[in-house]
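K.L.:
mmCIF, C-alpha atoms, file protein35.cif:
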```cif
data_work
#
loop_
_atom_site.group_PDB
_atom_site.id
_atom_site.type_symbol
_atom_site.label_atom_id
_atom_site.label_comp_id
_atom_site.auth_asym_id
_atom_site.auth_seq_id
_atom_site.Cartn_x
_atom_site.Cartn_y
_atom_site.Cartn_z
ATOM 1 C CA ASN A 1 98.323 86.404 96.802
ATOM 2 C CA ILE A 2 100.581 83.395 96.328
ATOM 3 C CA ILE A 3 102.759 83.228 93.237
ATOM 4 C CA GLY A 4 104.665 80.103 92.281
ATOM 5 C CA LYS A 5 104.546 76.398 93.058
ATOM 6 C CA THR A 6 103.420 76.771 96.664
ATOM 7 C CA LYS A 7 99.763 75.798 96.999
ATOM 8 C CA LYS A 8 97.333 77.413 99.369
ATOM 9 C CA GLU A 9 96.935 74.115 101.244
ATOM 10 C CA GLU A 10 100.618 74.360 102.187
ATOM 11 C CA ILE A 11 100.249 77.748 103.875
ATOM 12 C CA SER A 12 99.839 77.223 107.590
ATOM 13 C CA LYS A 13 97.123 79.283 109.276
ATOM 14 C CA SER A 14 99.289 79.293 112.374
ATOM 15 C CA LEU A 15 101.790 81.531 110.554
ATOM 16 C CA CYS A 16 99.183 84.171 109.814
ATOM 17 C CA PRO A 17 95.782 83.424 111.359
ATOM 18 C CA ASN A 18 94.278 86.738 110.195
ATOM 19 C CA CYS A 19 95.499 86.532 106.601
ATOM 20 C CA GLN A 20 93.090 86.143 103.720
ATOM 21 C CA LEU A 21 94.335 84.406 100.592
ATOM 22 C CA LEU A 22 93.097 86.246 97.532
ATOM 23 C CA GLN A 23 94.436 84.104 94.720
ATOM 24 C CA HIS A 24 97.073 81.562 93.754
ATOM 25 C CA TYR A 25 98.982 82.264 90.546
ATOM 26 C CA PRO A 26 101.326 79.583 89.169
ATOM 27 C CA GLN A 27 103.172 82.376 87.386
ATOM 28 C CA ALA A 28 102.764 86.145 87.744
ATOM 29 C CA GLY A 29 104.493 89.330 88.879
ATOM 30 C CA GLU A 30 103.977 91.967 91.537
ATOM 31 C CA GLU A 31 101.364 93.697 89.419
ATOM 32 C CA VAL A 32 98.626 91.178 90.333
ATOM 33 C CA THR A 33 98.929 91.965 94.049
ATOM 34 C CA LEU A 34 99.351 95.674 93.396
ATOM 35 C CA HIS A 35 96.159 95.521 91.351
ATOM 36 C CA SER A 36 94.278 93.971 94.291
ATOM 37 C CA LEU A 37 95.678 96.667 96.591
ATOM 38 C CA TRP A 38 94.708 99.382 94.107
ATOM 39 C CA GLN A 39 91.168 98.026 93.855
ATOM 40 C CA TYR A 40 90.894 97.931 97.643
ATOM 41 C CA CYS A 41 91.943 101.564 97.897
ATOM 42 C CA ARG A 42 89.414 102.618 95.296
ATOM 43 C CA ARG A 43 86.718 101.010 97.463
ATOM 44 C CA ASN A 44 88.186 102.300 100.746
ATOM 45 C CA PRO A 45 89.794 105.694 100.071
ATOM 46 C CA ASN A 46 90.064 106.564 103.775
ATOM 47 C CA ASP A 47 92.147 103.513 104.660
ATOM 48 C CA ARG A 48 95.896 102.969 104.750
ATOM 49 C CA VAL A 49 97.643 99.999 103.116
ATOM 50 C CA THR A 50 101.023 98.302 103.457
ATOM 51 C CA TYR A 51 102.583 96.386 100.583
ATOM 52 C CA ILE A 52 105.188 93.691 101.375
ATOM 53 C CA HIS A 53 106.608 90.684 99.543
ATOM 54 C CA ASN A 54 109.258 88.031 100.000
ATOM 55 C CA LYS A 55 112.062 89.987 98.378
ATOM 56 C CA GLY A 56 114.972 87.798 97.347
ATOM 57 C CA SER A 57 112.959 84.610 96.998
ATOM 58 C CA TYR A 58 114.715 83.869 93.710
ATOM 59 C CA SER A 59 118.116 84.968 95.044
ATOM 60 C CA ASN A 60 118.190 83.827 98.628
ATOM 61 C CA ASN A 61 121.327 85.336 100.149
ATOM 62 C CA LEU A 62 122.316 87.265 103.265
ATOM 63 C CA GLY A 63 122.093 90.606 101.478
ATOM 64 C CA ASN A 64 118.489 90.085 100.403
ATOM 65 C CA THR A 65 117.558 88.670 103.798
ATOM 66 C CA LYS A 66 118.912 91.798 105.505
ATOM 67 C CA PHE A 67 117.157 94.015 102.985
ATOM 68 C CA ARG A 68 113.830 92.219 103.451
ATOM 69 C CA ARG A 69 113.984 92.427 107.241
ATOM 70 C CA MET A 70 114.896 96.116 107.225
ATOM 71 C CA ALA A 71 112.121 96.993 104.758
ATOM 72 C CA THR A 72 109.522 95.002 106.695
ATOM 73 C CA LYS A 73 110.557 96.713 109.937
ATOM 74 C CA ALA A 74 110.292 100.105 108.242
ATOM 75 C CA VAL A 75 106.830 99.798 106.698
ATOM 76 C CA PHE A 76 105.263 98.474 109.908
ATOM 77 C CA SER A 77 107.039 100.989 112.130
ATOM 78 C CA SER A 78 105.131 103.605 114.108
ATOM 79 C CA GLU A 79 107.269 106.188 112.288
ATOM 80 C CA CYS A 80 105.856 105.325 108.878
ATOM 81 C CA HIS A 81 102.381 105.255 110.376
ATOM 82 C CA ARG A 82 102.624 108.879 111.445
ATOM 83 C CA MET A 83 103.752 110.062 108.010
ATOM 84 C CA GLU A 84 100.816 112.468 107.739
ATOM 85 C CA GLN A 85 102.540 114.580 110.393
ATOM 86 C CA MET A 86 105.314 115.194 107.859
ATOM 87 C CA GLY A 87 102.854 115.886 105.058
ATOM 88 C CA CYS A 88 103.537 112.527 103.385
ATOM 89 C CA ASN A 89 101.203 110.001 101.800
ATOM 90 C CA VAL A 90 103.720 107.191 101.159
ATOM 91 C CA CYS A 91 106.502 105.853 103.388
ATOM 92 C CA SER A 92 109.146 103.142 103.305
ATOM 93 C CA LEU A 93 112.693 102.244 104.278
ATOM 94 C CA GLN A 94 114.577 104.521 101.906
ATOM 95 C CA TYR A 95 113.573 106.781 99.030
ATOM 96 C CA ASN A 96 115.815 107.137 95.983
ATOM 97 C CA HIS A 97 115.460 109.678 93.194
ATOM 98 C CA MET A 98 118.283 108.164 91.136
ATOM 99 C CA PRO A 99 118.383 106.573 88.651
ATOM 100 C CA HIS A 100 114.588 106.864 88.904
ATOM 101 C CA ARG A 101 112.172 107.533 91.739
ATOM 102 C CA HIS A 102 111.595 104.414 93.801
ATOM 103 C CA TYR A 103 111.703 102.884 97.253
ATOM 104 C CA SER A 104 114.492 100.431 97.954
ATOM 105 C CA SER A 105 112.881 96.972 98.077
ATOM 106 C CA ASN A 106 109.539 98.259 96.703
ATOM 107 C CA MET A 107 107.815 97.663 100.029
ATOM 108 C CA TRP A 108 105.850 100.554 101.451
ATOM 109 C CA THR A 109 102.928 101.969 103.406
ATOM 110 C CA ALA A 110 100.576 104.387 101.652
ATOM 111 C CA GLU A 111 97.355 106.313 102.069
ATOM 112 C CA CYS A 112 94.509 104.944 99.970
ATOM 113 C CA SER A 113 93.434 108.505 99.229
ATOM 114 C CA TYR A 114 96.625 108.716 97.158
ATOM 115 C CA VAL A 115 96.810 105.158 95.806
ATOM 116 C CA GLN A 116 93.296 105.314 94.356
ATOM 117 C CA ASN A 117 94.465 107.977 91.885
ATOM 118 C CA LEU A 118 97.262 105.876 90.424
ATOM 119 C CA PRO A 119 96.853 104.098 87.068
ATOM 120 C CA ASP A 120 95.900 100.427 87.032
ATOM 121 C CA PRO A 121 99.073 98.397 87.805
ATOM 122 C CA LEU A 122 98.039 95.760 85.269
ATOM 123 C CA THR A 123 98.274 98.261 82.411
ATOM 124 C CA TYR A 124 100.954 100.652 83.701
ATOM 125 C CA SER A 125 103.816 98.932 81.857
ATOM 126 C CA THR A 126 101.847 99.050 78.595
ATOM 127 C CA HIS A 127 101.137 102.745 79.145
ATOM 128 C CA ARG A 128 104.855 103.403 79.632
ATOM 129 C CA GLN A 129 105.751 101.551 76.444
ATOM 130 C CA THR A 130 103.060 103.346 74.427
ATOM 131 C CA MET A 131 104.182 106.678 75.823
ATOM 132 C CA CYS A 132 107.776 105.972 74.890
ATOM 133 C CA ASP A 133 106.751 104.964 71.358
ATOM 134 C CA GLN A 134 105.019 108.333 70.928
ATOM 135 C CA TYR A 135 107.509 110.451 72.808
ATOM 136 C CA THR A 136 109.666 112.853 70.815
ATOM 137 C CA PHE A 137 110.890 115.116 73.613
ATOM 138 C CA PRO A 138 114.607 115.672 72.902
ATOM 139 C CA ILE A 139 116.757 114.096 75.592
ATOM 140 C CA PRO A 140 119.925 113.043 73.787
ATOM 141 C CA ASP A 141 121.482 111.199 76.723
ATOM 142 C CA GLU A 142 119.910 107.764 77.049
ATOM 143 C CA GLY A 143 121.560 107.279 80.410
ATOM 144 C CA ASP A 144 118.688 108.991 82.206
ATOM 145 C CA THR A 145 116.558 105.808 82.345
ATOM 146 C CA ASN A 146 113.442 107.330 80.850
ATOM 147 C CA CYS A 147 112.630 106.227 77.305
ATOM 148 C CA PRO A 148 114.649 104.725 74.461
ATOM 149 C CA LEU A 149 114.050 107.797 72.334
ATOM 150 C CA ARG A 150 114.185 106.449 68.813
ATOM 151 C CA LYS A 151 111.991 108.973 66.989
ATOM 152 C CA HIS A 152 113.777 112.236 67.584
ATOM 153 C CA PRO A 153 116.556 113.036 65.023
ATOM 154 C CA ARG A 154 119.055 113.486 67.852
ATOM 155 C CA ASN A 155 118.383 109.916 68.855
ATOM 156 C CA ALA A 156 118.747 108.243 65.476
ATOM 157 C CA ASN A 157 121.344 105.894 66.931
ATOM 158 C CA ALA A 158 119.372 105.095 70.078
ATOM 159 C CA ASN A 159 119.319 101.515 71.271
ATOM 160 C CA THR A 160 116.126 100.017 69.874
ATOM 161 C CA ASN A 161 116.625 96.888 72.000
ATOM 162 C CA ALA A 162 116.733 98.799 75.279
ATOM 163 C CA GLU A 163 116.825 96.916 78.549
ATOM 164 C CA PRO A 164 113.347 96.780 80.155
ATOM 165 C CA GLN A 165 114.925 97.536 83.545
ATOM 166 C CA SER A 166 116.402 100.818 82.354
ATOM 167 C CA TYR A 167 113.114 102.136 81.016
ATOM 168 C CA GLY A 168 110.612 100.688 83.478
ATOM 169 C CA PHE A 169 108.975 98.153 81.187
ATOM 170 C CA TYR A 170 107.312 94.842 82.120
ATOM 171 C CA ARG A 171 107.997 93.797 85.725
ATOM 172 C CA TYR A 172 110.265 96.799 86.274
ATOM 173 C CA ALA A 173 107.259 99.092 85.918
ATOM 174 C CA ASN A 174 106.074 97.829 89.307
ATOM 175 C CA GLU A 175 109.023 99.524 91.014
ATOM 176 C CA ARG A 176 107.987 102.898 89.568
ATOM 177 C CA TRP A 177 104.236 102.550 89.894
ATOM 178 C CA LEU A 178 103.863 104.109 93.361
ATOM 179 C CA PHE A 179 105.376 107.364 92.067
ATOM 180 C CA ALA A 180 103.220 107.568 88.952
ATOM 181 C CA HIS A 181 100.989 110.388 90.220
ATOM 182 C CA TYR A 182 101.813 114.043 90.745
ATOM 183 C CA ASP A 183 100.349 114.137 94.276
ATOM 184 C CA VAL A 184 103.000 111.809 95.706
ATOM 185 C CA GLU A 185 104.676 113.022 98.922
ATOM 186 C CA PRO A 186 107.285 110.451 99.999
ATOM 187 C CA CYS A 187 108.783 109.962 103.450
ATOM 188 C CA HIS A 188 111.365 107.426 104.557
ATOM 189 C CA VAL A 189 112.832 106.182 107.836
ATOM 190 C CA PHE A 190 116.433 105.195 107.003
ATOM 191 C CA ARG A 191 118.853 107.820 105.674
ATOM 192 C CA LYS A 192 122.176 105.997 105.996
ATOM 193 C CA SER A 193 123.916 103.648 103.593
ATOM 194 C CA PHE A 194 122.815 100.032 103.788
ATOM 195 C CA MET A 195 126.495 99.162 104.050
ATOM 196 C CA THR A 196 126.432 100.539 107.606
ATOM 197 C CA CYS A 197 124.096 97.719 108.705
ATOM 198 C CA ASP A 198 124.966 94.038 109.020
ATOM 199 C CA MET A 199 122.557 91.192 109.797
ATOM 200 C CA LYS A 200 122.559 92.131 113.484
ATOM 201 C CA CYS A 201 122.140 95.830 112.855
ATOM 202 C CA ASP A 202 120.028 97.375 115.606
ATOM 203 C CA TRP A 203 118.573 100.535 114.080
ATOM 204 C CA GLU A 204 115.575 102.647 114.938
ATOM 205 C CA PRO A 205 113.319 104.109 112.206
ATOM 206 C CA ARG A 206 113.370 107.909 112.074
ATOM 207 C CA LEU A 207 110.751 109.584 109.905
ATOM 208 C CA ALA A 208 111.946 112.193 107.411
ATOM 209 C CA ASN A 209 110.355 114.016 104.505
ATOM 210 C CA THR A 210 112.378 113.554 101.300
ATOM 211 C CA ARG A 211 111.885 117.009 99.785
ATOM 212 C CA TRP A 212 115.418 117.911 100.889
ATOM 213 C CA LEU A 213 116.733 115.467 98.274
ATOM 214 C CA LEU A 214 115.676 117.889 95.535
ATOM 215 C CA ARG A 215 118.517 120.128 96.667
ATOM 216 C CA ARG A 216 120.924 117.422 95.553
ATOM 217 C CA TYR A 217 119.751 117.586 91.953
ATOM 218 C CA LYS A 218 122.427 118.722 89.564
ATOM 219 C CA PRO A 219 121.750 120.448 86.220
ATOM 220 C CA MET A 220 122.209 117.113 84.415
ATOM 221 C CA HIS A 221 119.355 115.653 86.486
ATOM 222 C CA TRP A 222 116.759 118.302 85.756
ATOM 223 C CA LYS A 223 115.892 116.733 82.423
ATOM 224 C CA ARG A 224 114.642 113.744 84.384
ATOM 225 C CA LEU A 225 112.213 116.016 86.183
ATOM 226 C CA ARG A 226 111.124 117.370 82.822
ATOM 227 C CA PHE A 227 110.447 113.817 81.709
ATOM 228 C CA ILE A 228 108.417 113.125 84.865
ATOM 229 C CA LEU A 229 106.177 116.067 83.986
ATOM 230 C CA GLU A 230 105.765 114.700 80.475
ATOM 231 C CA GLU A 231 104.761 111.318 81.902
ATOM 232 C CA TYR A 232 102.156 112.946 84.126
ATOM 233 C CA LYS A 233 100.753 114.823 81.134
ATOM 234 C CA TYR A 234 100.530 111.582 79.188
ATOM 235 C CA LEU A 235 98.936 109.500 81.969
ATOM 236 C CA TYR A 236 96.464 112.146 83.103
ATOM 237 C CA ASN A 237 95.563 113.811 79.794
ATOM 238 C CA GLY A 238 97.485 116.980 80.341
ATOM 239 C CA THR A 239 96.022 117.718 83.756
#
```
Kindly present the structure from the file in structure tokens form.
P.N.:
Amino acid sequence: NIIGKTKKEEISKSLCPNCQLLQHYPQAGEEVTLHSLWQYCRRNPNDRVTYIHNKGSYSNNLGNTKFRRMATKAVFSSECHRMEQMGCNVCSLQYNHMPHRHYSSNMWTAECSYVQNLPDPLTYSTHRQTMCDQYTFPIPDEGDTNCPLRKHPRNANANTNAEPQSYGFYRYANERWLFAHYDVEPCHVFRKSFMTCDMKCDWEPRLANTRWLLRRYKPMHWKRLRFILEEYKYLYNGT
């Protein structure tokens, strides 16, 4: 998909002779491409897909350029493409469980057998907002980036104009979408700090399962896991 002012006639076939242009959107978000990917996986559950985008296109700087190159290298690496050996069904540059579960850059490789079970990306943000409107589970600390809990008495003073980024609404839902099913098993290939790499950083992807990160959870973080379970119950009718 192409999003923005660039027209399909301006895309040179020499840059990507095997690419197929699905659609041109003058204005849209990641969800339109994720939707196409999701539909493909539902038709081809035995395939594997890789999702990439031109991260930093609106903020073109050295940091985003480095990030984009590292993420692209990761998702196309042979390490990510042997993730099943580690028991994983999704893989990317670096997995983060704080402040919410996501892959840095939101570029990744995934098994269609997993992706097909995810909710429709076009409606995922709406589902999150509806869930949060109905949610009364008492989590008094709003700093856990789950829902602006307005209904529970403990949260009478909650911020009713919560930032969409903090709660995964609108375009920010796309960053959480890949982890919106309970069968997710994430791997990653870069465990160091991004600060250790400059533009000329020569690093080699090393596959690792991320289950060890659960050992880093502190008591204050467990309520986030409780919320994740509540989200699964909401999205999948208590199953």
K.L.:
Tell me which protein, DNA and RNA residues are within 10 Å of Thr33 of chain A, counting all atoms listed in the file, leaving out same-chain ones fewer than 6 positions away, and put them as a list in words.
P.N.:
Asn1, Ile2, Ile3, Leu22, Gln23, Gln39, Tyr51, Ile52, His53, Pro121 and Leu122 of chain A
K.L.:
For atom CA of Val184 of chain A and atom CA of Asp133 of chain A, determine how far apart the two atoms are, in Å to one decimal place.
P.N.:
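Answer for the atom CA of Val184 of chain A to atom CA of Asp133 of chain A separation: 25.6 Å.
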K.L.:
Mind giving me the straight-line distance from atom CA of Leu93 of chain A to atom CA of His188 of chain A in Å, one decimal?
P.N.:
5.4 Å
K.L.:
Since I can't run it myself right now, could you work out what the PyMOL selection byres ((chain A and resi 50) around 8) selects here and report it as a ChimeraX atom specification?
P.N.:
/A:48-49,51-52,75-76,107-110
K.L.:
Give the answer as one residue: which of A:Gly87, A:His81, A:Arg191, A:Ile228 has the shortest atom-to-atom distance to Asp47 of chain A, using only C-alpha atoms?
P.N.:
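Result for the nearest residue to Asp47 of chain A: A:His81.
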K.L.:
Please write as a PyMOL selection string the full residue list that the PyMOL selection byres ((chain A and resi 183) around 10) yields on this file.
P.N.:
chain A and resi 88-89+114-115+117-118+179-182+184-186
